[in-house]
$ cat my_file.pdb   # PDB, C-alpha atoms, pLDDT in the B column
MODEL        1
ATOM      1  CA  MET A  16      16.642  13.760 -28.958  1.00 30.00           C
ATOM      2  CA  ALA A  17      13.667  11.373 -28.960  1.00 35.00           C
ATOM      3  CA  PRO A  18      11.211  11.796 -26.064  1.00 39.00           C
ATOM      4  CA  ALA A  19      11.643   9.324 -23.207  1.00 51.00           C
ATOM      5  CA  GLU A  20       9.280   6.352 -23.289  1.00 68.00           C
ATOM      6  CA  ARG A  21       6.533   6.539 -20.668  1.00 69.00           C
ATOM      7  CA  ARG A  22       7.140   3.937 -17.990  1.00 91.00           C
ATOM      8  CA  ARG A  23       4.441   1.903 -16.286  1.00 94.00           C
ATOM      9  CA  ILE A  24       3.638   2.121 -12.567  1.00 97.00           C
ATOM     10  CA  VAL A  25       1.541  -0.666 -11.011  1.00 98.00           C
ATOM     11  CA  ILE A  26       0.057   0.302  -7.638  1.00 98.00           C
ATOM     12  CA  LEU A  27      -1.058  -2.468  -5.245  1.00 98.00           C
ATOM     13  CA  ASN A  28      -3.229  -1.270  -2.363  1.00 97.00           C
ATOM     14  CA  GLY A  29      -4.642  -3.508   0.335  1.00 96.00           C
ATOM     15  CA  ALA A  30      -4.708  -4.296   4.020  1.00 95.00           C
ATOM     16  CA  SER A  31      -1.825  -5.829   5.894  1.00 94.00           C
ATOM     17  CA  SER A  32      -1.679  -9.612   5.251  1.00 95.00           C
ATOM     18  CA  ALA A  33      -3.733  -9.339   2.042  1.00 96.00           C
ATOM     19  CA  GLY A  34      -0.761 -10.652   0.066  1.00 96.00           C
ATOM     20  CA  LYS A  35       0.504  -7.492  -1.646  1.00 97.00           C
ATOM     21  CA  SER A  36       4.204  -8.123  -1.104  1.00 95.00           C
ATOM     22  CA  SER A  37       4.084 -11.725  -2.341  1.00 97.00           C
ATOM     23  CA  ILE A  38       2.028 -10.705  -5.362  1.00 98.00           C
ATOM     24  CA  GLY A  39       4.426  -7.831  -6.059  1.00 98.00           C
ATOM     25  CA  ARG A  40       7.438 -10.154  -5.996  1.00 98.00           C
ATOM     26  CA  ALA A  41       5.735 -12.686  -8.266  1.00 98.00           C
ATOM     27  CA  LEU A  42       4.650  -9.945 -10.664  1.00 98.00           C
ATOM     28  CA  GLN A  43       8.181  -8.546 -10.757  1.00 98.00           C
ATOM     29  CA  GLU A  44       9.393 -11.886 -12.146  1.00 97.00           C
ATOM     30  CA  MET A  45       6.709 -11.936 -14.863  1.00 97.00           C
ATOM     31  CA  LEU A  46       6.781  -8.467 -16.370  1.00 96.00           C
ATOM     32  CA  GLU A  47       9.121  -7.271 -19.092  1.00 94.00           C
ATOM     33  CA  PRO A  48      11.012  -5.074 -18.789  1.00 94.00           C
ATOM     34  CA  THR A  49      11.611  -6.114 -15.170  1.00 97.00           C
ATOM     35  CA  PRO A  50      10.102  -3.478 -12.867  1.00 97.00           C
ATOM     36  CA  LEU A  51      11.478  -2.207  -9.593  1.00 98.00           C
ATOM     37  CA  LEU A  52       9.467  -3.153  -6.489  1.00 98.00           C
ATOM     38  CA  LEU A  53       8.886  -0.279  -4.084  1.00 97.00           C
ATOM     39  CA  GLN A  54       7.289  -1.227  -0.772  1.00 95.00           C
ATOM     40  CA  MET A  55       6.013   0.831   2.142  1.00 91.00           C
ATOM     41  CA  ASP A  56       8.192  -1.274   4.450  1.00 90.00           C
ATOM     42  CA  PHE A  57      11.284   0.058   2.638  1.00 93.00           C
ATOM     43  CA  PHE A  58      10.402   3.582   3.778  1.00 94.00           C
ATOM     44  CA  THR A  59       9.259   3.269   7.378  1.00 93.00           C
ATOM     45  CA  PRO A  60      12.825   2.455   8.612  1.00 93.00           C
ATOM     46  CA  MET A  61      13.715   6.027   7.595  1.00 96.00           C
ATOM     47  CA  LEU A  62      11.597   7.288  10.486  1.00 96.00           C
ATOM     48  CA  PRO A  63      13.229   7.924  13.878  1.00 95.00           C
ATOM     49  CA  ILE A  64      13.121   4.882  16.150  1.00 95.00           C
ATOM     50  CA  ARG A  65      10.904   6.266  18.879  1.00 95.00           C
ATOM     51  CA  GLY A  66       7.868   5.108  20.794  1.00 95.00           C
ATOM     52  CA  HIS A  67       5.984   2.147  19.365  1.00 93.00           C
ATOM     53  CA  ILE A  68       8.385   1.672  16.439  1.00 92.00           C
ATOM     54  CA  ALA A  69      11.157   0.928  18.940  1.00 94.00           C
ATOM     55  CA  MET A  70       9.365  -1.916  20.723  1.00 93.00           C
ATOM     56  CA  PRO A  71       7.885  -5.348  19.943  1.00 91.00           C
ATOM     57  CA  HIS A  72       4.228  -5.228  18.948  1.00 87.00           C
ATOM     58  CA  ASP A  73       3.103  -7.059  22.085  1.00 89.00           C
ATOM     59  CA  GLN A  74       4.642  -4.385  24.326  1.00 94.00           C
ATOM     60  CA  ARG A  75       2.818  -1.424  22.778  1.00 93.00           C
ATOM     61  CA  THR A  76       0.069   0.246  24.782  1.00 94.00           C
ATOM     62  CA  ASN A  77      -1.898   3.459  24.469  1.00 94.00           C
ATOM     63  CA  GLU A  78       0.187   4.901  27.308  1.00 95.00           C
ATOM     64  CA  ASN A  79       3.727   4.290  25.983  1.00 96.00           C
ATOM     65  CA  SER A  80       3.507   5.645  22.423  1.00 95.00           C
ATOM     66  CA  ASP A  81       5.584   8.830  23.056  1.00 96.00           C
ATOM     67  CA  TRP A  82       3.090  10.673  20.830  1.00 94.00           C
ATOM     68  CA  PRO A  83       3.501  13.036  18.983  1.00 92.00           C
ATOM     69  CA  HIS A  84       7.298  12.890  19.376  1.00 94.00           C
ATOM     70  CA  ALA A  85       7.197   9.407  17.861  1.00 95.00           C
ATOM     71  CA  PRO A  86       6.256   9.223  14.152  1.00 95.00           C
ATOM     72  CA  LEU A  87       3.688   6.413  14.452  1.00 95.00           C
ATOM     73  CA  ARG A  88       1.454   5.123  17.207  1.00 94.00           C
ATOM     74  CA  TRP A  89      -0.838   2.148  17.463  1.00 93.00           C
ATOM     75  CA  ILE A  90      -4.167   3.014  19.081  1.00 93.00           C
ATOM     76  CA  PHE A  91      -5.735   0.058  20.844  1.00 92.00           C
ATOM     77  CA  PRO A  92      -9.496  -0.103  21.465  1.00 88.00           C
ATOM     78  CA  GLU A  93     -11.055  -0.145  24.908  1.00 84.00           C
ATOM     79  CA  ARG A  94     -13.427  -2.911  23.860  1.00 76.00           C
ATOM     80  CA  GLU A  95     -12.116  -6.213  22.525  1.00 72.00           C
ATOM     81  CA  GLY A  96     -13.086  -6.628  18.893  1.00 68.00           C
ATOM     82  CA  ASP A  97     -13.062  -2.929  18.062  1.00 77.00           C
ATOM     83  CA  PRO A  98     -10.511  -1.920  15.389  1.00 81.00           C
ATOM     84  CA  ILE A  99      -6.868  -1.107  16.042  1.00 88.00           C
ATOM     85  CA  ARG A 100      -5.682   2.084  14.359  1.00 88.00           C
ATOM     86  CA  ILE A 101      -2.265   3.431  13.366  1.00 91.00           C
ATOM     87  CA  GLU A 102      -1.833   7.189  13.507  1.00 93.00           C
ATOM     88  CA  ALA A 103       0.966   9.075  11.730  1.00 94.00           C
ATOM     89  CA  ASN A 104       2.487  12.424  12.706  1.00 95.00           C
ATOM     90  CA  ALA A 105       3.505  15.172  10.264  1.00 95.00           C
ATOM     91  CA  LEU A 106       6.910  13.626   9.537  1.00 96.00           C
ATOM     92  CA  ALA A 107       5.358  10.261   8.686  1.00 95.00           C
ATOM     93  CA  HIS A 108       2.819  11.933   6.387  1.00 95.00           C
ATOM     94  CA  GLN A 109       5.692  13.667   4.592  1.00 96.00           C
ATOM     95  CA  LEU A 110       7.415  10.312   4.181  1.00 96.00           C
ATOM     96  CA  ILE A 111       4.339   8.812   2.515  1.00 96.00           C
ATOM     97  CA  ARG A 112       4.114  11.685   0.040  1.00 96.00           C
ATOM     98  CA  GLY A 113       7.812  11.187  -0.614  1.00 97.00           C
ATOM     99  CA  MET A 114       7.218   7.502  -1.289  1.00 97.00           C
ATOM    100  CA  PHE A 115       4.683   8.366  -3.979  1.00 97.00           C
ATOM    101  CA  GLY A 116       7.084  10.910  -5.443  1.00 97.00           C
ATOM    102  CA  SER A 117       9.885   8.314  -5.397  1.00 97.00           C
ATOM    103  CA  ALA A 118       7.801   5.923  -7.492  1.00 98.00           C
ATOM    104  CA  ALA A 119       7.218   8.699 -10.017  1.00 97.00           C
ATOM    105  CA  ALA A 120      10.923   9.657  -9.993  1.00 97.00           C
ATOM    106  CA  LEU A 121      11.989   6.064 -10.675  1.00 97.00           C
ATOM    107  CA  ALA A 122       9.588   5.946 -13.616  1.00 97.00           C
ATOM    108  CA  ASP A 123      10.963   9.256 -14.884  1.00 96.00           C
ATOM    109  CA  ALA A 124      14.461   7.759 -14.666  1.00 96.00           C
ATOM    110  CA  GLY A 125      13.418   4.948 -17.016  1.00 96.00           C
ATOM    111  CA  SER A 126      12.179   2.092 -14.800  1.00 97.00           C
ATOM    112  CA  ASP A 127       8.817   0.400 -14.608  1.00 97.00           C
ATOM    113  CA  VAL A 128       7.686   0.322 -10.973  1.00 98.00           C
ATOM    114  CA  ILE A 129       5.461  -1.781  -8.715  1.00 98.00           C
ATOM    115  CA  LEU A 130       4.332   0.206  -5.667  1.00 98.00           C
ATOM    116  CA  ASP A 131       2.990  -1.808  -2.717  1.00 96.00           C
ATOM    117  CA  PHE A 132       1.390   0.131   0.151  1.00 94.00           C
ATOM    118  CA  VAL A 133      -1.535   0.480   2.551  1.00 95.00           C
ATOM    119  CA  LEU A 134      -3.748   3.527   1.942  1.00 94.00           C
ATOM    120  CA  MET A 135      -4.522   4.053   5.635  1.00 90.00           C
ATOM    121  CA  GLU A 136      -5.333   7.779   5.531  1.00 89.00           C
ATOM    122  CA  ASP A 137      -8.006   9.235   3.276  1.00 83.00           C
ATOM    123  CA  HIS A 138      -5.924  12.288   2.394  1.00 87.00           C
ATOM    124  CA  TRP A 139      -3.016  10.105   1.215  1.00 94.00           C
ATOM    125  CA  ILE A 140      -5.013   9.586  -1.967  1.00 93.00           C
ATOM    126  CA  ASP A 141      -4.423  13.262  -2.771  1.00 94.00           C
ATOM    127  CA  GLY A 142      -0.653  12.763  -2.593  1.00 95.00           C
ATOM    128  CA  LEU A 143      -0.908   9.661  -4.774  1.00 96.00           C
ATOM    129  CA  ILE A 144      -3.041  11.431  -7.368  1.00 95.00           C
ATOM    130  CA  GLU A 145      -0.666  14.387  -7.453  1.00 95.00           C
ATOM    131  CA  ALA A 146       2.462  12.233  -7.820  1.00 96.00           C
ATOM    132  CA  MET A 147       0.941  10.064 -10.578  1.00 96.00           C
ATOM    133  CA  ALA A 148      -0.592  12.938 -12.570  1.00 93.00           C
ATOM    134  CA  ASP A 149       1.727  12.569 -15.577  1.00 91.00           C
ATOM    135  CA  HIS A 150       2.352   8.839 -15.363  1.00 94.00           C
ATOM    136  CA  ASP A 151       0.922   5.597 -16.708  1.00 92.00           C
ATOM    137  CA  ALA A 152      -0.274   4.280 -13.338  1.00 96.00           C
ATOM    138  CA  THR A 153      -2.578   1.284 -12.928  1.00 97.00           C
ATOM    139  CA  PHE A 154      -4.380   1.227  -9.556  1.00 97.00           C
ATOM    140  CA  ILE A 155      -5.115  -2.280  -8.261  1.00 97.00           C
ATOM    141  CA  ALA A 156      -7.014  -3.367  -5.139  1.00 97.00           C
ATOM    142  CA  ILE A 157      -5.848  -6.476  -3.292  1.00 98.00           C
ATOM    143  CA  ASP A 158      -8.884  -7.800  -1.388  1.00 97.00           C
ATOM    144  CA  CYS A 159      -9.053 -10.655   1.078  1.00 97.00           C
ATOM    145  CA  ALA A 160     -11.831 -12.108   3.231  1.00 97.00           C
ATOM    146  CA  LEU A 161     -11.685 -10.944   6.845  1.00 95.00           C
ATOM    147  CA  ASP A 162     -11.448 -14.435   8.349  1.00 96.00           C
ATOM    148  CA  GLU A 163      -8.496 -15.211   6.092  1.00 97.00           C
ATOM    149  CA  LEU A 164      -6.820 -11.918   7.033  1.00 95.00           C
ATOM    150  CA  ASP A 165      -7.191 -12.912  10.688  1.00 93.00           C
ATOM    151  CA  ARG A 166      -5.699 -16.350  10.008  1.00 95.00           C
ATOM    152  CA  ARG A 167      -2.715 -14.953   8.113  1.00 95.00           C
ATOM    153  CA  GLU A 168      -2.115 -12.319  10.775  1.00 92.00           C
ATOM    154  CA  ARG A 169      -1.992 -14.948  13.518  1.00 92.00           C
ATOM    155  CA  ALA A 170       0.331 -17.109  11.413  1.00 94.00           C
ATOM    156  CA  ARG A 171       2.731 -14.197  10.900  1.00 90.00           C
ATOM    157  CA  GLY A 172       2.903 -13.396  14.592  1.00 84.00           C
ATOM    158  CA  ASP A 173       4.637 -10.059  14.043  1.00 82.00           C
ATOM    159  CA  ARG A 174       1.771  -7.582  14.445  1.00 82.00           C
ATOM    160  CA  PRO A 175      -1.261  -6.970  16.659  1.00 83.00           C
ATOM    161  CA  ILE A 176      -4.227  -9.210  15.937  1.00 84.00           C
ATOM    162  CA  GLY A 177      -7.033  -7.132  14.437  1.00 88.00           C
ATOM    163  CA  LEU A 178      -4.873  -4.634  12.556  1.00 90.00           C
ATOM    164  CA  ALA A 179      -5.503  -6.191   9.142  1.00 92.00           C
ATOM    165  CA  ARG A 180      -9.259  -6.364   9.741  1.00 91.00           C
ATOM    166  CA  ALA A 181      -9.290  -2.689  10.745  1.00 90.00           C
ATOM    167  CA  GLN A 182      -7.295  -1.668   7.679  1.00 93.00           C
ATOM    168  CA  ALA A 183      -9.593  -3.654   5.390  1.00 93.00           C
ATOM    169  CA  ALA A 184     -12.436  -1.324   6.361  1.00 86.00           C
ATOM    170  CA  LEU A 185     -10.388   1.743   5.391  1.00 90.00           C
ATOM    171  CA  VAL A 186      -8.047   1.119   2.497  1.00 94.00           C
ATOM    172  CA  HIS A 187     -10.644   0.729  -0.258  1.00 94.00           C
ATOM    173  CA  ARG A 188     -13.133   3.413   0.813  1.00 91.00           C
ATOM    174  CA  HIS A 189     -12.417   5.625  -2.208  1.00 90.00           C
ATOM    175  CA  GLY A 190     -13.819   2.729  -4.261  1.00 90.00           C
ATOM    176  CA  ILE A 191     -12.320   3.254  -7.744  1.00 94.00           C
ATOM    177  CA  TYR A 192      -9.733   0.903  -9.257  1.00 96.00           C
ATOM    178  CA  ASP A 193      -8.557  -0.290 -12.640  1.00 96.00           C
ATOM    179  CA  LEU A 194      -8.587  -3.879 -11.325  1.00 96.00           C
ATOM    180  CA  ARG A 195      -9.588  -5.759  -8.159  1.00 97.00           C
ATOM    181  CA  ILE A 196      -7.942  -9.015  -7.077  1.00 97.00           C
ATOM    182  CA  ASP A 197      -9.353 -11.296  -4.372  1.00 98.00           C
ATOM    183  CA  SER A 198      -6.421 -13.120  -2.771  1.00 98.00           C
ATOM    184  CA  THR A 199      -8.509 -15.160  -0.318  1.00 98.00           C
ATOM    185  CA  ASN A 200      -8.194 -18.520  -2.065  1.00 97.00           C
ATOM    186  CA  THR A 201      -5.585 -17.893  -4.744  1.00 97.00           C
ATOM    187  CA  SER A 202      -1.803 -17.961  -4.645  1.00 97.00           C
ATOM    188  CA  ALA A 203       0.488 -15.007  -5.234  1.00 98.00           C
ATOM    189  CA  GLN A 204       1.565 -16.615  -8.511  1.00 98.00           C
ATOM    190  CA  GLU A 205      -2.036 -16.957  -9.698  1.00 98.00           C
ATOM    191  CA  ASN A 206      -2.866 -13.380  -8.739  1.00 98.00           C
ATOM    192  CA  ALA A 207       0.254 -12.027 -10.402  1.00 98.00           C
ATOM    193  CA  THR A 208      -0.646 -13.936 -13.575  1.00 98.00           C
ATOM    194  CA  THR A 209      -4.109 -12.354 -13.544  1.00 97.00           C
ATOM    195  CA  ILE A 210      -2.618  -8.887 -13.091  1.00 97.00           C
ATOM    196  CA  ALA A 211      -0.029  -9.389 -15.841  1.00 97.00           C
ATOM    197  CA  ALA A 212      -2.747 -10.438 -18.287  1.00 96.00           C
ATOM    198  CA  ALA A 213      -4.928  -7.483 -17.283  1.00 95.00           C
ATOM    199  CA  LEU A 214      -2.072  -5.035 -17.784  1.00 93.00           C
ATOM    200  CA  GLU A 215      -1.758  -6.198 -21.362  1.00 88.00           C
ATOM    201  CA  ALA A 216      -5.469  -5.630 -21.895  1.00 85.00           C
ATOM    202  CA  VAL A 217      -5.712  -2.187 -20.270  1.00 76.00           C
ATOM    203  CA  ALA A 218      -4.779   0.319 -22.956  1.00 70.00           C
ATOM    204  CA  GLU A 219      -5.064   3.327 -20.656  1.00 82.00           C
ATOM    205  CA  PRO A 220      -5.617   3.081 -16.896  1.00 86.00           C
ATOM    206  CA  ARG A 221      -8.367   5.431 -15.743  1.00 92.00           C
ATOM    207  CA  ALA A 222      -8.920   4.955 -12.010  1.00 94.00           C
ATOM    208  CA  LEU A 223      -6.615   7.722 -10.761  1.00 95.00           C
ATOM    209  CA  ALA A 224      -7.927  10.138 -13.389  1.00 93.00           C
ATOM    210  CA  GLN A 225     -11.465   9.405 -12.199  1.00 94.00           C
ATOM    211  CA  LEU A 226     -10.437   9.932  -8.577  1.00 93.00           C
ATOM    212  CA  ARG A 227      -8.706  13.188  -9.538  1.00 91.00           C
ATOM    213  CA  ALA A 228     -11.873  14.436 -11.244  1.00 91.00           C
ATOM    214  CA  ALA A 229     -13.978  13.506  -8.212  1.00 88.00           C
ATOM    215  CA  ARG A 230     -11.846  15.372  -5.657  1.00 81.00           C
ATOM    216  CA  PRO A 231     -13.291  18.703  -4.418  1.00 75.00           C
TER     217      PRO A 231
ENDMDL
END
$ encode --input "my_file.pdb" --output "structure tokens"
Amino acid sequence: MAPAERRRIVILNGASSAGKSSIGRALQEMLEPTPLLLQMDFFTPMLPIRGHIAMPHDQRTNENSDWPHAPLRWIFPEREGDPIRIEANALAHQLIRGMFGSAAALADAGSDVILDFVLMEDHWIDGLIEAMADHDATFIAIDCALDELDRRERARGDRPIGLARAQAALVHRHGIYDLRIDSTNTSAQENATTIAAALEAVAEPRALAQLRAARP
């Protein structure tokens, strides 16, 4: 039996409101064979509906999170303008590692995959590196100017103002990518076109291998 063809995994990492989901959908329509789109938002509904998850974003406070019984909590700053944080308990961390493993499993089953997520925790990179060890995975940063993140967040109206800005300071701190896209002034279609062209030009993605070699 001939060995299975290695499938491609495209990983989009960026802050909330940076445009990852729209870019992922546009890219899905461009690539051949058509990849599956795997998003972080597909996985969080698997968590128990407790604490902050169970309430509208404007009703969440530091006092009603039901932590650590609840899987996620939003931590609001004492001073206006300081960053909002999201903290995950052990079950939520397990879910994230499972998400990375699911992307790898779908590739092993014969599908190309686009993975869209927010790398909020530094140690999540270890789970990503481990899951992608034997896969053709291209790691792409989706950047966006902070003022534009603020504008998009207000326009969406479905999350606390300041969350995207706080995530922007965290998600790219490991610093190594195969490609960086700035979505500030470009459409999802334009960014997806840039990514599709870059994927054709990248013979062998190296970012995750470099991150693996740099880990202690």
$ closest_residue --input "my_file.pdb" --among "A:Ala213, A:Arg227, A:Ser31, A:Phe91" --to "Arg169 in chain A" --atoms "all atoms listed in the file"
A:Ser31
$ atom_distance --input "my_file.pdb" --atom1 "CA of Phe57 in chain A" --atom2 "CA of Arg174 in chain A"
17.0 Å
$ atom_distance --input "my_file.pdb" --atom1 "CA of Ile90 in chain A" --atom2 "CA of Ala170 in chain A"
22.0 Å
$ atom_distance --input "my_file.pdb" --atom1 "CA of Ala207 in chain A" --atom2 "CA of Arg167 in chain A"
19.0 Å
$ closest_residue --input "my_file.pdb" --among "A:Glu205, A:Glu47, A:Glu102, A:Asp158" --to "Ser126 in chain A" --atoms "all atoms listed in the file"
A:Glu47
$ residues_around --input "my_file.pdb" --residues "Val25 in chain A" --least-positions-apart "2" --cutoff "9 Å" --atoms "only C-alpha atoms" --output "MDAnalysis selection string"
chainID A and resid 23 27 127:131 151:155 214
$ write_last_selection --input "my_file.pdb" --atoms "C-alpha atoms" --output "compact mmCIF listing (two decimals), in the coordinates of the input"
# COMPACT_ATOMS: atom_id res chain seq x y z
CA ARG A 23 4.44 1.90 -16.29
CA LEU A 27 -1.06 -2.47 -5.24
CA ASP A 127 8.82 0.40 -14.61
CA VAL A 128 7.69 0.32 -10.97
CA ILE A 129 5.46 -1.78 -8.72
CA LEU A 130 4.33 0.21 -5.67
CA ASP A 131 2.99 -1.81 -2.72
CA ASP A 151 0.92 5.60 -16.71
CA ALA A 152 -0.27 4.28 -13.34
CA THR A 153 -2.58 1.28 -12.93
CA PHE A 154 -4.38 1.23 -9.56
CA ILE A 155 -5.12 -2.28 -8.26
CA LEU A 214 -2.07 -5.04 -17.78
$ residues_around --input "my_file.pdb" --residues "range 185-200 of chain A" --least-positions-apart "4" --cutoff "10 Å" --atoms "only C-alpha atoms" --output "PDB file with C-alpha atoms, keeping the file's coordinate frame"
ATOM      1  CA  ILE A  26       0.057   0.302  -7.638  1.00 98.00           C
ATOM      2  CA  LEU A  27      -1.058  -2.468  -5.245  1.00 98.00           C
ATOM      3  CA  ASN A  28      -3.229  -1.270  -2.363  1.00 97.00           C
ATOM      4  CA  GLY A  29      -4.642  -3.508   0.335  1.00 96.00           C
ATOM      5  CA  ALA A  30      -4.708  -4.296   4.020  1.00 95.00           C
ATOM      6  CA  SER A  31      -1.825  -5.829   5.894  1.00 94.00           C
ATOM      7  CA  SER A  32      -1.679  -9.612   5.251  1.00 95.00           C
ATOM      8  CA  ALA A  33      -3.733  -9.339   2.042  1.00 96.00           C
ATOM      9  CA  GLY A  34      -0.761 -10.652   0.066  1.00 96.00           C
ATOM     10  CA  LYS A  35       0.504  -7.492  -1.646  1.00 97.00           C
ATOM     11  CA  ILE A  38       2.028 -10.705  -5.362  1.00 98.00           C
ATOM     12  CA  PHE A 132       1.390   0.131   0.151  1.00 94.00           C
ATOM     13  CA  VAL A 133      -1.535   0.480   2.551  1.00 95.00           C
ATOM     14  CA  LEU A 134      -3.748   3.527   1.942  1.00 94.00           C
ATOM     15  CA  MET A 135      -4.522   4.053   5.635  1.00 90.00           C
ATOM     16  CA  GLU A 136      -5.333   7.779   5.531  1.00 89.00           C
ATOM     17  CA  ASP A 137      -8.006   9.235   3.276  1.00 83.00           C
ATOM     18  CA  ILE A 140      -5.013   9.586  -1.967  1.00 93.00           C
ATOM     19  CA  ALA A 152      -0.274   4.280 -13.338  1.00 96.00           C
ATOM     20  CA  THR A 153      -2.578   1.284 -12.928  1.00 97.00           C
ATOM     21  CA  PHE A 154      -4.380   1.227  -9.556  1.00 97.00           C
ATOM     22  CA  ILE A 155      -5.115  -2.280  -8.261  1.00 97.00           C
ATOM     23  CA  ALA A 156      -7.014  -3.367  -5.139  1.00 97.00           C
ATOM     24  CA  ILE A 157      -5.848  -6.476  -3.292  1.00 98.00           C
ATOM     25  CA  ASP A 158      -8.884  -7.800  -1.388  1.00 97.00           C
ATOM     26  CA  CYS A 159      -9.053 -10.655   1.078  1.00 97.00           C
ATOM     27  CA  ALA A 160     -11.831 -12.108   3.231  1.00 97.00           C
ATOM     28  CA  LEU A 161     -11.685 -10.944   6.845  1.00 95.00           C
ATOM     29  CA  ASP A 162     -11.448 -14.435   8.349  1.00 96.00           C
ATOM     30  CA  GLU A 163      -8.496 -15.211   6.092  1.00 97.00           C
ATOM     31  CA  LEU A 164      -6.820 -11.918   7.033  1.00 95.00           C
ATOM     32  CA  ARG A 180      -9.259  -6.364   9.741  1.00 91.00           C
ATOM     33  CA  ALA A 181      -9.290  -2.689  10.745  1.00 90.00           C
ATOM     34  CA  GLU A 205      -2.036 -16.957  -9.698  1.00 98.00           C
ATOM     35  CA  ASN A 206      -2.866 -13.380  -8.739  1.00 98.00           C
ATOM     36  CA  ALA A 207       0.254 -12.027 -10.402  1.00 98.00           C
ATOM     37  CA  THR A 209      -4.109 -12.354 -13.544  1.00 97.00           C
ATOM     38  CA  ILE A 210      -2.618  -8.887 -13.091  1.00 97.00           C
ATOM     39  CA  ALA A 213      -4.928  -7.483 -17.283  1.00 95.00           C
ATOM     40  CA  LEU A 214      -2.072  -5.035 -17.784  1.00 93.00           C
ATOM     41  CA  VAL A 217      -5.712  -2.187 -20.270  1.00 76.00           C
ATOM     42  CA  GLU A 219      -5.064   3.327 -20.656  1.00 82.00           C
ATOM     43  CA  PRO A 220      -5.617   3.081 -16.896  1.00 86.00           C
ATOM     44  CA  ARG A 221      -8.367   5.431 -15.743  1.00 92.00           C
ATOM     45  CA  ALA A 222      -8.920   4.955 -12.010  1.00 94.00           C
ATOM     46  CA  LEU A 223      -6.615   7.722 -10.761  1.00 95.00           C
ATOM     47  CA  ALA A 224      -7.927  10.138 -13.389  1.00 93.00           C
ATOM     48  CA  GLN A 225     -11.465   9.405 -12.199  1.00 94.00           C
ATOM     49  CA  LEU A 226     -10.437   9.932  -8.577  1.00 93.00           C
TER      50      LEU A 226
END
$ residues_around --input "my_file.pdb" --residues "Trp82 in chain A" --least-positions-apart "5" --cutoff "12 Å" --atoms "all atoms listed in the file" --output "count of residues only"
15
$ closest_residue --input "my_file.pdb" --among "A:Leu178, A:Ala85, A:Ala212, A:Leu51" --to "Ile64 in chain A" --atoms "only C-alpha atoms"
A:Ala85
$ residues_around --input "my_file.pdb" --residues "Leu62 in chain A" --least-positions-apart "5" --cutoff "8 Å" --atoms "only C-alpha atoms" --output "PyMOL selection string"
chain A and resi 86+106-107
$ write_last_selection --input "my_file.pdb" --atoms "C-alpha atoms" --output "PDB file, in the frame of the given file"
ATOM      1  CA  PRO A  86       6.256   9.223  14.152  1.00 95.00           C
ATOM      2  CA  LEU A 106       6.910  13.626   9.537  1.00 96.00           C
ATOM      3  CA  ALA A 107       5.358  10.261   8.686  1.00 95.00           C
TER       4      ALA A 107
END
$ resolve_selection --input "my_file.pdb" --expression "the PyMOL selection byres ((chain A and resi 72) around 8)" --output "MDAnalysis selection string"
chainID A and resid 67 70:71 73:75 173:175
$ closest_residue --input "my_file.pdb" --among "A:Arg100, A:Gly39, A:Leu110, A:His84" --to "Thr59 in chain A" --atoms "all atoms listed in the file"
A:Leu110
$ closest_residue --input "my_file.pdb" --among "A:Ala179, A:Ala122, A:Ala184, A:Ile144" --to "Leu52 in chain A" --atoms "all atoms listed in the file"
A:Ala122
$ axis_aligned_box --input "my_file.pdb" --around "range 79-97 of chain A" --padding-each-side "4 Å" --output "JSON"
{"center_x": -3.1, "center_y": 3.2, "center_z": 20.1, "size_x": 28.7, "size_y": 27.7, "size_z": 19.8}
$ closest_residue --input "my_file.pdb" --among "A:Met147, A:Trp139, A:Glu215, A:Gln54" --to "Asp123 in chain A" --atoms "only C-alpha atoms"
A:Met147
$ resolve_selection --input "my_file.pdb" --expression "the PyMOL selection byres ((chain A and resi 113) around 12)" --output "ChimeraX atom specification"
/A:55,58-59,61,106-112,114-120,139,142-143,145-146
$ decode --input "my_file.pdb" --residues "range 197-205 of chain A" --atoms "N, CA and C atoms" --output "compact mmCIF listing (two decimals), in the first residue's frame"
# COMPACT_ATOMS: atom_id res chain seq x y z
N ASP A 197 -0.73 41.60 8.20
CA ASP A 197 -1.30 42.75 8.89
C ASP A 197 -2.68 43.01 8.30
N SER A 198 -3.71 42.78 9.11
CA SER A 198 -5.09 42.90 8.62
C SER A 198 -5.70 44.27 8.84
N THR A 199 -4.90 45.23 9.29
CA THR A 199 -5.43 46.54 9.70
C THR A 199 -6.22 47.20 8.58
N ASN A 200 -5.64 47.24 7.38
CA ASN A 200 -6.25 47.99 6.28
C ASN A 200 -6.55 47.14 5.07
N THR A 201 -6.57 45.83 5.24
CA THR A 201 -6.80 44.93 4.12
C THR A 201 -7.97 44.01 4.43
N SER A 202 -8.67 43.60 3.39
CA SER A 202 -9.85 42.76 3.55
C SER A 202 -9.45 41.30 3.79
N ALA A 203 -10.40 40.52 4.27
CA ALA A 203 -10.15 39.09 4.46
C ALA A 203 -9.78 38.44 3.14
N GLN A 204 -10.44 38.85 2.06
CA GLN A 204 -10.15 38.27 0.74
C GLN A 204 -8.71 38.58 0.32
N GLU A 205 -8.28 39.82 0.53
CA GLU A 205 -6.91 40.19 0.17
C GLU A 205 -5.90 39.42 1.01
